[in-house]
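**Q** Structure file coords-v2.cif (mmCIF, N, CA and C atoms) is given on the next line.
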data_upload
loop_
_atom_site.label_atom_id
_atom_site.label_comp_id
_atom_site.auth_asym_id
_atom_site.auth_seq_id
_atom_site.Cartn_x
_atom_site.Cartn_y
_atom_site.Cartn_z
N MET U 6 -7.53 -0.62 11.15
CA MET U 6 -6.96 -1.50 12.15
C MET U 6 -5.49 -1.74 11.83
N LYS U 7 -4.63 -1.56 12.80
CA LYS U 7 -3.19 -1.72 12.63
C LYS U 7 -2.84 -3.20 12.54
N GLU U 8 -1.94 -3.53 11.63
CA GLU U 8 -1.44 -4.90 11.48
C GLU U 8 0.04 -4.90 11.77
N THR U 9 0.51 -5.89 12.50
CA THR U 9 1.92 -6.01 12.84
C THR U 9 2.58 -7.04 11.93
N PHE U 10 3.67 -6.67 11.30
CA PHE U 10 4.44 -7.57 10.46
C PHE U 10 5.67 -8.00 11.24
N LYS U 11 6.04 -9.28 11.14
CA LYS U 11 7.17 -9.80 11.91
C LYS U 11 8.16 -10.50 11.01
N VAL U 12 9.45 -10.31 11.31
CA VAL U 12 10.55 -10.94 10.59
C VAL U 12 11.56 -11.41 11.61
N ILE U 13 12.19 -12.54 11.35
CA ILE U 13 13.32 -13.00 12.16
C ILE U 13 14.52 -13.08 11.23
N SER U 14 15.61 -12.42 11.61
CA SER U 14 16.85 -12.43 10.84
C SER U 14 17.93 -13.10 11.67
N LYS U 15 18.62 -14.06 11.06
CA LYS U 15 19.63 -14.83 11.79
C LYS U 15 20.81 -15.11 10.86
N LYS U 16 22.02 -14.93 11.40
CA LYS U 16 23.24 -15.20 10.63
C LYS U 16 23.35 -16.70 10.37
N THR U 17 23.75 -17.04 9.16
CA THR U 17 24.01 -18.44 8.82
C THR U 17 25.49 -18.73 9.12
N PRO U 18 25.93 -19.98 9.01
CA PRO U 18 27.35 -20.28 9.24
C PRO U 18 28.29 -19.73 8.15
N THR U 19 27.74 -19.21 7.05
CA THR U 19 28.54 -18.76 5.91
C THR U 19 28.84 -17.27 5.99
N GLY U 20 30.10 -16.90 6.14
CA GLY U 20 30.54 -15.51 6.08
C GLY U 20 29.64 -14.56 6.84
N LEU U 21 29.17 -13.52 6.16
CA LEU U 21 28.25 -12.54 6.75
C LEU U 21 26.81 -12.79 6.30
N GLN U 22 26.55 -13.94 5.72
CA GLN U 22 25.23 -14.27 5.19
C GLN U 22 24.19 -14.30 6.31
N VAL U 23 23.02 -13.72 6.01
CA VAL U 23 21.92 -13.66 6.96
C VAL U 23 20.66 -14.19 6.26
N GLU U 24 19.92 -15.01 6.99
CA GLU U 24 18.65 -15.51 6.47
C GLU U 24 17.52 -14.87 7.28
N SER U 25 16.60 -14.25 6.58
CA SER U 25 15.44 -13.64 7.23
C SER U 25 14.20 -14.41 6.81
N THR U 26 13.29 -14.61 7.77
CA THR U 26 12.05 -15.33 7.48
C THR U 26 10.85 -14.49 7.91
N ALA U 27 9.80 -14.57 7.10
CA ALA U 27 8.54 -13.92 7.40
C ALA U 27 7.42 -14.75 6.76
N ARG U 28 6.45 -15.11 7.52
CA ARG U 28 5.30 -15.88 7.03
C ARG U 28 5.70 -17.13 6.26
N GLY U 29 6.81 -17.76 6.65
CA GLY U 29 7.26 -18.98 5.99
C GLY U 29 8.12 -18.74 4.76
N PHE U 30 8.34 -17.49 4.39
CA PHE U 30 9.19 -17.16 3.25
C PHE U 30 10.59 -16.84 3.75
N LYS U 31 11.60 -17.14 2.91
CA LYS U 31 12.99 -16.88 3.30
C LYS U 31 13.64 -15.92 2.31
N LEU U 32 14.50 -15.07 2.85
CA LEU U 32 15.29 -14.15 2.04
C LEU U 32 16.71 -14.22 2.57
N THR U 33 17.65 -14.52 1.68
CA THR U 33 19.05 -14.61 2.07
C THR U 33 19.78 -13.35 1.61
N MET U 34 20.51 -12.73 2.53
CA MET U 34 21.29 -11.55 2.20
C MET U 34 22.73 -11.78 2.63
N ASP U 35 23.62 -11.05 1.98
CA ASP U 35 25.05 -11.17 2.23
C ASP U 35 25.68 -9.84 1.83
N GLU U 36 26.96 -9.77 1.93
CA GLU U 36 27.71 -8.61 1.46
C GLU U 36 28.63 -9.06 0.34
N PRO U 37 29.00 -8.15 -0.55
CA PRO U 37 30.01 -8.50 -1.55
C PRO U 37 31.33 -8.86 -0.86
N GLU U 38 32.17 -9.58 -1.56
CA GLU U 38 33.45 -10.00 -0.99
C GLU U 38 34.29 -8.81 -0.53
N GLU U 39 34.26 -7.70 -1.28
CA GLU U 39 35.07 -6.54 -0.90
C GLU U 39 34.60 -5.88 0.40
N LEU U 40 33.38 -6.24 0.86
CA LEU U 40 32.89 -5.73 2.14
C LEU U 40 32.86 -6.82 3.21
N GLY U 41 33.57 -7.93 2.97
CA GLY U 41 33.71 -8.97 3.97
C GLY U 41 32.73 -10.12 3.86
N GLY U 42 31.88 -10.11 2.85
CA GLY U 42 30.91 -11.18 2.68
C GLY U 42 31.38 -12.25 1.71
N THR U 43 30.45 -13.11 1.34
CA THR U 43 30.74 -14.18 0.38
C THR U 43 29.95 -14.02 -0.91
N ASN U 44 29.24 -12.91 -1.04
CA ASN U 44 28.52 -12.55 -2.26
C ASN U 44 27.50 -13.61 -2.67
N THR U 45 26.78 -14.17 -1.69
CA THR U 45 25.78 -15.20 -1.98
C THR U 45 24.37 -14.64 -2.06
N GLY U 46 24.24 -13.34 -1.89
CA GLY U 46 22.93 -12.70 -1.98
C GLY U 46 23.11 -11.20 -2.01
N MET U 47 22.02 -10.50 -2.31
CA MET U 47 22.10 -9.05 -2.30
C MET U 47 22.32 -8.58 -0.87
N ASN U 48 22.86 -7.38 -0.72
CA ASN U 48 23.07 -6.87 0.64
C ASN U 48 21.82 -6.13 1.10
N PRO U 49 21.72 -5.82 2.39
CA PRO U 49 20.50 -5.21 2.92
C PRO U 49 20.10 -3.89 2.25
N VAL U 50 21.05 -3.06 1.85
CA VAL U 50 20.65 -1.80 1.22
C VAL U 50 20.13 -2.04 -0.19
N GLU U 51 20.66 -3.06 -0.88
CA GLU U 51 20.09 -3.44 -2.17
C GLU U 51 18.67 -3.97 -1.97
N ALA U 52 18.47 -4.74 -0.90
CA ALA U 52 17.13 -5.26 -0.59
C ALA U 52 16.17 -4.12 -0.26
N LEU U 53 16.68 -3.07 0.37
CA LEU U 53 15.85 -1.90 0.65
C LEU U 53 15.37 -1.26 -0.65
N LEU U 54 16.28 -1.14 -1.62
CA LEU U 54 15.88 -0.62 -2.93
C LEU U 54 14.85 -1.54 -3.57
N CYS U 55 15.07 -2.86 -3.44
CA CYS U 55 14.10 -3.83 -3.96
C CYS U 55 12.74 -3.66 -3.31
N ALA U 56 12.73 -3.44 -2.00
CA ALA U 56 11.47 -3.27 -1.28
C ALA U 56 10.73 -2.04 -1.80
N LEU U 57 11.44 -0.95 -2.03
CA LEU U 57 10.80 0.26 -2.54
C LEU U 57 10.26 0.02 -3.95
N GLY U 58 11.09 -0.53 -4.83
CA GLY U 58 10.64 -0.78 -6.20
C GLY U 58 9.49 -1.77 -6.26
N SER U 59 9.55 -2.80 -5.43
CA SER U 59 8.48 -3.79 -5.40
C SER U 59 7.19 -3.18 -4.89
N CYS U 60 7.28 -2.37 -3.86
CA CYS U 60 6.10 -1.72 -3.30
C CYS U 60 5.46 -0.79 -4.33
N GLN U 61 6.27 0.00 -5.01
CA GLN U 61 5.73 0.90 -6.04
C GLN U 61 5.07 0.11 -7.16
N THR U 62 5.67 -1.02 -7.53
CA THR U 62 5.10 -1.85 -8.59
C THR U 62 3.77 -2.45 -8.16
N ILE U 63 3.70 -2.93 -6.93
CA ILE U 63 2.44 -3.48 -6.42
C ILE U 63 1.35 -2.41 -6.41
N VAL U 64 1.69 -1.22 -5.93
CA VAL U 64 0.72 -0.13 -5.90
C VAL U 64 0.26 0.20 -7.32
N ALA U 65 1.18 0.25 -8.26
CA ALA U 65 0.82 0.57 -9.65
C ALA U 65 -0.21 -0.41 -10.19
N TYR U 66 0.07 -1.70 -10.05
CA TYR U 66 -0.85 -2.70 -10.58
C TYR U 66 -2.14 -2.81 -9.77
N ALA U 67 -2.06 -2.59 -8.47
CA ALA U 67 -3.26 -2.71 -7.63
C ALA U 67 -4.26 -1.58 -7.91
N PHE U 68 -3.77 -0.40 -8.31
CA PHE U 68 -4.64 0.76 -8.44
C PHE U 68 -4.81 1.28 -9.86
N ALA U 69 -4.09 0.72 -10.83
CA ALA U 69 -4.13 1.26 -12.20
C ALA U 69 -5.55 1.36 -12.74
N LYS U 70 -6.27 0.27 -12.69
CA LYS U 70 -7.62 0.26 -13.27
C LYS U 70 -8.52 1.29 -12.59
N ALA U 71 -8.50 1.32 -11.26
CA ALA U 71 -9.34 2.27 -10.52
C ALA U 71 -8.96 3.72 -10.82
N GLN U 72 -7.69 3.94 -11.21
CA GLN U 72 -7.22 5.28 -11.53
C GLN U 72 -7.37 5.60 -13.02
N GLY U 73 -7.98 4.67 -13.77
CA GLY U 73 -8.21 4.89 -15.19
C GLY U 73 -6.97 4.73 -16.06
N ILE U 74 -6.00 3.96 -15.59
CA ILE U 74 -4.77 3.75 -16.34
C ILE U 74 -4.76 2.33 -16.90
N ASP U 75 -4.62 2.22 -18.22
CA ASP U 75 -4.47 0.90 -18.84
C ASP U 75 -2.98 0.55 -18.78
N LEU U 76 -2.63 -0.27 -17.85
CA LEU U 76 -1.23 -0.57 -17.59
C LEU U 76 -0.87 -1.92 -18.20
N GLU U 77 -0.12 -1.87 -19.31
CA GLU U 77 0.33 -3.11 -19.94
C GLU U 77 1.57 -3.65 -19.22
N GLU U 78 2.52 -2.76 -18.96
CA GLU U 78 3.75 -3.13 -18.26
C GLU U 78 4.20 -1.97 -17.40
N PHE U 79 4.95 -2.31 -16.36
CA PHE U 79 5.47 -1.29 -15.46
C PHE U 79 6.71 -1.86 -14.78
N HIS U 80 7.74 -1.05 -14.66
CA HIS U 80 8.88 -1.42 -13.82
C HIS U 80 9.55 -0.16 -13.30
N VAL U 81 10.33 -0.34 -12.25
CA VAL U 81 11.02 0.77 -11.61
C VAL U 81 12.51 0.48 -11.64
N GLU U 82 13.31 1.47 -11.98
CA GLU U 82 14.77 1.38 -11.89
C GLU U 82 15.19 2.28 -10.74
N LEU U 83 15.98 1.72 -9.81
CA LEU U 83 16.35 2.45 -8.60
C LEU U 83 17.85 2.42 -8.41
N GLU U 84 18.37 3.48 -7.79
CA GLU U 84 19.77 3.52 -7.38
C GLU U 84 19.89 4.42 -6.17
N GLY U 85 20.86 4.08 -5.33
CA GLY U 85 21.07 4.87 -4.13
C GLY U 85 22.55 5.09 -3.90
N ASP U 86 22.89 6.22 -3.33
CA ASP U 86 24.28 6.56 -3.03
C ASP U 86 24.56 6.33 -1.56
N LEU U 87 25.59 5.53 -1.28
CA LEU U 87 25.98 5.19 0.08
C LEU U 87 27.50 5.16 0.14
N ASP U 88 28.06 5.78 1.15
CA ASP U 88 29.50 5.76 1.34
C ASP U 88 29.82 4.70 2.40
N PRO U 89 30.38 3.53 2.00
CA PRO U 89 30.65 2.46 2.96
C PRO U 89 31.63 2.86 4.06
N ASP U 90 32.37 3.93 3.87
CA ASP U 90 33.30 4.38 4.91
C ASP U 90 32.57 4.74 6.21
N GLY U 91 31.31 5.18 6.11
CA GLY U 91 30.53 5.47 7.30
C GLY U 91 30.26 4.22 8.11
N PHE U 92 29.78 3.18 7.45
CA PHE U 92 29.50 1.90 8.10
C PHE U 92 30.77 1.26 8.65
N MET U 93 31.86 1.41 7.93
CA MET U 93 33.13 0.81 8.34
C MET U 93 33.86 1.63 9.41
N GLY U 94 33.32 2.81 9.74
CA GLY U 94 33.93 3.65 10.76
C GLY U 94 35.18 4.36 10.28
N LEU U 95 35.33 4.50 8.96
CA LEU U 95 36.52 5.12 8.40
C LEU U 95 36.35 6.61 8.12
N ALA U 96 35.11 7.08 8.17
CA ALA U 96 34.85 8.50 7.90
C ALA U 96 33.59 8.93 8.65
N ASP U 97 33.50 10.20 8.92
CA ASP U 97 32.34 10.75 9.61
C ASP U 97 31.28 11.12 8.58
N VAL U 98 30.68 10.09 7.97
CA VAL U 98 29.61 10.29 6.99
C VAL U 98 28.43 9.40 7.39
N ARG U 99 27.30 9.72 6.87
CA ARG U 99 26.08 8.95 7.16
C ARG U 99 26.29 7.48 6.82
N ASN U 100 25.75 6.58 7.66
CA ASN U 100 25.87 5.14 7.43
C ASN U 100 24.97 4.66 6.30
N GLY U 101 23.84 5.31 6.13
CA GLY U 101 22.86 4.85 5.14
C GLY U 101 22.92 5.64 3.85
N PHE U 102 21.90 5.42 3.03
CA PHE U 102 21.82 6.12 1.75
C PHE U 102 21.78 7.63 1.96
N GLN U 103 22.52 8.33 1.12
CA GLN U 103 22.48 9.78 1.11
C GLN U 103 21.38 10.28 0.19
N GLU U 104 21.06 9.46 -0.82
CA GLU U 104 19.96 9.78 -1.74
C GLU U 104 19.56 8.51 -2.46
N ILE U 105 18.27 8.38 -2.72
CA ILE U 105 17.73 7.30 -3.55
C ILE U 105 17.03 7.96 -4.73
N ARG U 106 17.35 7.49 -5.92
CA ARG U 106 16.73 7.99 -7.14
C ARG U 106 16.04 6.82 -7.84
N TYR U 107 14.93 7.10 -8.49
CA TYR U 107 14.23 6.05 -9.22
C TYR U 107 13.48 6.64 -10.40
N SER U 108 13.27 5.80 -11.39
CA SER U 108 12.45 6.19 -12.53
C SER U 108 11.41 5.10 -12.75
N MET U 109 10.19 5.54 -13.02
CA MET U 109 9.09 4.62 -13.28
C MET U 109 8.91 4.51 -14.79
N HIS U 110 8.82 3.27 -15.26
CA HIS U 110 8.69 2.99 -16.69
C HIS U 110 7.32 2.34 -16.94
N PHE U 111 6.52 3.00 -17.76
CA PHE U 111 5.17 2.53 -18.06
C PHE U 111 5.07 2.08 -19.51
N LYS U 112 4.26 1.08 -19.77
CA LYS U 112 3.81 0.77 -21.12
C LYS U 112 2.30 0.89 -21.05
N SER U 113 1.77 1.96 -21.67
CA SER U 113 0.36 2.29 -21.51
C SER U 113 -0.06 3.22 -22.65
N MET U 114 -1.34 3.23 -22.93
CA MET U 114 -1.90 4.16 -23.91
C MET U 114 -2.24 5.51 -23.25
N ALA U 115 -2.02 5.62 -21.95
CA ALA U 115 -2.29 6.87 -21.23
C ALA U 115 -1.35 7.98 -21.72
N THR U 116 -1.78 9.21 -21.52
CA THR U 116 -0.95 10.35 -21.91
C THR U 116 0.19 10.53 -20.90
N GLN U 117 1.19 11.28 -21.29
CA GLN U 117 2.30 11.60 -20.39
C GLN U 117 1.79 12.27 -19.11
N GLU U 118 0.85 13.20 -19.28
CA GLU U 118 0.28 13.89 -18.13
C GLU U 118 -0.44 12.92 -17.20
N GLU U 119 -1.20 12.00 -17.75
CA GLU U 119 -1.90 11.00 -16.93
C GLU U 119 -0.90 10.10 -16.19
N LEU U 120 0.17 9.72 -16.87
CA LEU U 120 1.17 8.86 -16.23
C LEU U 120 1.92 9.61 -15.14
N GLU U 121 2.23 10.87 -15.35
CA GLU U 121 2.89 11.66 -14.31
C GLU U 121 2.00 11.81 -13.09
N SER U 122 0.70 12.00 -13.31
CA SER U 122 -0.24 12.09 -12.21
C SER U 122 -0.34 10.74 -11.49
N PHE U 123 -0.37 9.65 -12.25
CA PHE U 123 -0.43 8.32 -11.65
C PHE U 123 0.85 8.02 -10.88
N ALA U 124 2.00 8.46 -11.38
CA ALA U 124 3.27 8.27 -10.66
C ALA U 124 3.21 8.98 -9.31
N GLN U 125 2.64 10.17 -9.27
CA GLN U 125 2.48 10.87 -7.99
C GLN U 125 1.54 10.11 -7.07
N PHE U 126 0.48 9.52 -7.65
CA PHE U 126 -0.44 8.70 -6.86
C PHE U 126 0.30 7.50 -6.26
N ILE U 127 1.11 6.83 -7.08
CA ILE U 127 1.88 5.68 -6.61
C ILE U 127 2.76 6.09 -5.43
N GLU U 128 3.48 7.21 -5.60
CA GLU U 128 4.33 7.71 -4.51
C GLU U 128 3.53 7.98 -3.24
N SER U 129 2.33 8.49 -3.38
CA SER U 129 1.52 8.85 -2.21
C SER U 129 0.96 7.64 -1.49
N LYS U 130 0.87 6.50 -2.15
CA LYS U 130 0.27 5.30 -1.55
C LYS U 130 1.27 4.24 -1.14
N CYS U 131 2.51 4.34 -1.55
CA CYS U 131 3.51 3.30 -1.30
C CYS U 131 3.96 3.31 0.16
N PRO U 132 3.65 2.25 0.95
CA PRO U 132 4.06 2.23 2.36
C PRO U 132 5.58 2.27 2.56
N VAL U 133 6.34 1.59 1.71
CA VAL U 133 7.80 1.61 1.86
C VAL U 133 8.34 3.00 1.58
N GLY U 134 7.83 3.64 0.54
CA GLY U 134 8.24 5.01 0.25
C GLY U 134 7.91 5.95 1.39
N ASP U 135 6.74 5.75 2.01
CA ASP U 135 6.36 6.57 3.16
C ASP U 135 7.34 6.38 4.30
N CYS U 136 7.73 5.12 4.57
CA CYS U 136 8.70 4.86 5.65
C CYS U 136 10.02 5.56 5.39
N LEU U 137 10.48 5.53 4.14
CA LEU U 137 11.76 6.14 3.80
C LEU U 137 11.67 7.67 3.81
N GLU U 138 10.62 8.19 3.25
CA GLU U 138 10.47 9.65 3.13
C GLU U 138 10.23 10.31 4.49
N ASN U 139 9.46 9.67 5.34
CA ASN U 139 9.05 10.29 6.59
C ASN U 139 9.73 9.71 7.82
N GLY U 140 10.51 8.67 7.64
CA GLY U 140 11.18 8.05 8.77
C GLY U 140 10.23 7.27 9.65
N VAL U 141 10.74 6.31 10.35
CA VAL U 141 9.96 5.48 11.27
C VAL U 141 10.76 5.38 12.56
N PRO U 142 10.13 5.60 13.70
CA PRO U 142 10.87 5.43 14.95
C PRO U 142 11.37 3.99 15.09
N LEU U 143 12.63 3.84 15.42
CA LEU U 143 13.20 2.52 15.68
C LEU U 143 13.35 2.37 17.18
N LYS U 144 12.75 1.32 17.74
CA LYS U 144 12.76 1.13 19.20
C LYS U 144 13.29 -0.26 19.52
N LEU U 145 14.43 -0.30 20.17
CA LEU U 145 14.96 -1.57 20.69
C LEU U 145 14.07 -1.93 21.88
N THR U 146 13.34 -3.04 21.79
CA THR U 146 12.38 -3.39 22.85
C THR U 146 12.95 -4.36 23.89
N ARG U 147 13.96 -5.16 23.51
CA ARG U 147 14.55 -6.10 24.47
C ARG U 147 15.96 -6.47 24.02
N VAL U 148 16.78 -6.81 24.98
CA VAL U 148 18.08 -7.42 24.72
C VAL U 148 18.05 -8.75 25.46
N VAL U 149 18.10 -9.87 24.71
CA VAL U 149 17.92 -11.19 25.29
C VAL U 149 19.21 -11.99 25.15
N ASN U 150 19.73 -12.52 26.23
CA ASN U 150 20.88 -13.40 26.20
C ASN U 150 20.38 -14.84 26.25
N GLU U 151 20.50 -15.56 25.15
CA GLU U 151 19.99 -16.93 25.07
C GLU U 151 21.11 -17.93 25.33
N LYS U 152 21.75 -17.83 26.49
CA LYS U 152 22.86 -18.73 26.86
C LYS U 152 22.41 -20.17 26.83
#
Represent the structure from my file as structure tokens, please.

**A**
Amino acid sequence: MKETFKVISKKTPTGLQVESTARGFKLTMDEPEELGGTNTGMNPVEALLCALGSCQTIVAYAFAKAQGIDLEEFHVELEGDLDPDGFMGLADVRNGFQEIRYSMHFKSMATQEELESFAQFIESKCPVGDCLENGVPLKLTRVVNEK
């Protein structure tokens, strides 16, 4: 059964700061000062990396036992390459990440081979990774003028 997730994002009175809410939780994002923000929160592309790393971490802990992995600790280090000149309209380059790289760090008694297999399992089950790897259709459904 399909589940719909909803978020509302709204600019605050501060610089380029945006507050997003979902299920009563709030996330504040901004841009660094050199990109016109006030540096009061991570920017959306950093949050995208956080979403991927968080999703992979949740999958790791949710499935480790069922996959026969004794997982003491796990974390993901992520980085992505983005040329801000695309977003700023200064160059004809992609607006988003050109590449995202990550490494999974395990603390476990499992063998290297078992951990590599489990890492592939994590990649195969991570919904955020699936969205990034396979793309998701973006559909503007309405334009509302709230005069």

**Q** So, counting only C-alpha atoms, which residue among U:Cys136, U:Leu95, U:Cys55, U:Ile127 is closest to Ala67 in chain U?

**A**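 Ranking U:Cys136, U:Leu95, U:Cys55, U:Ile127 by distance to Ala67 in chain U, first place goes to U:Ile127.
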
**Q** Between U:Leu87, U:Val98, U:Val81, U:Leu32, which is the closest to His110 in chain U once you count only N, CA and C atoms?

**A** U:Val81

**Q** So the first atom is atom N of Gly101 in chain U and the second is atom C of Leu145 in chain U; what is the distance between them in Å, to one decimal place?

**A**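 So the two atoms, atom N of Gly101 in chain U and atom C of Leu145 in chain U, lie 19.9 Å apart.
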
**Q** Given the point (27.6, 7.5, -1.3) in the coordinates of this file, which residues lie within 10 Å, counting only C-alpha atoms, and how would they look as a VMD selection string?

**A** chain U and resid 85 to 91 98 to 104

**Q** For CA of Glu119 in chain U and CA of Ala71 in chain U, quote the distance in Å rounded to one decimal.

**A**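 If I compute the distance from CA of Glu119 in chain U to CA of Ala71 in chain U, I get 13.1 Å.
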
**Q** Can you work out the spacing between CA of Phe79 in chain U and CA of Ser113 in chain U in Å, to one decimal?

**A**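 Computed distance, CA of Phe79 in chain U to CA of Ser113 in chain U, equals 8.7 Å.
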
**Q** I need the residue nearest His80 in chain U from this list: U:Val12, U:Ala56, U:Met109, U:Ala65. Use only C-alpha atoms for the distance.

**A**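 Result for the nearest residue to His80 in chain U: U:Met109.
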
**Q** Select from range 94-138 of chain U everything DSSP, run on the backbone, classes as alpha helix (DSSP H), then give the selection as a list in words.

**A**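 Of range 94-138 of chain U, only Gln117, Glu118, Glu119, Leu120, Glu121, Ser122, Phe123, Ala124, Gln125, Phe126, Ile127, Glu128, Ser129, Lys130, Pro132, Val133, Gly134, Asp135, Cys136, Leu137 and Glu138 of chain U fall in alpha helix (DSSP H).
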
**Q** Can you list every residue in range 44-101 of chain U that DSSP puts in strand (DSSP E or B), as a VMD selection string?

**A** chain U and resid 76 to 86

**Q** For Lys130 in chain U, which residue among U:Pro142, U:Met114, U:Ser25, U:Gln61 is the nearest when counting all atoms listed in the file?

**A**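 Looking at the shortest contact to Lys130 in chain U, the residue is U:Gln61.
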
**Q** For each of U:Ala96, U:Glu82, U:Glu128, U:Glu39, take the minimum atom-to-atom distance to Ser108 in chain U, counting all atoms listed in the file, then give the residue where this is smallest.

**A**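 Of the candidates, the smallest distance to Ser108 in chain U is held by U:Glu82.
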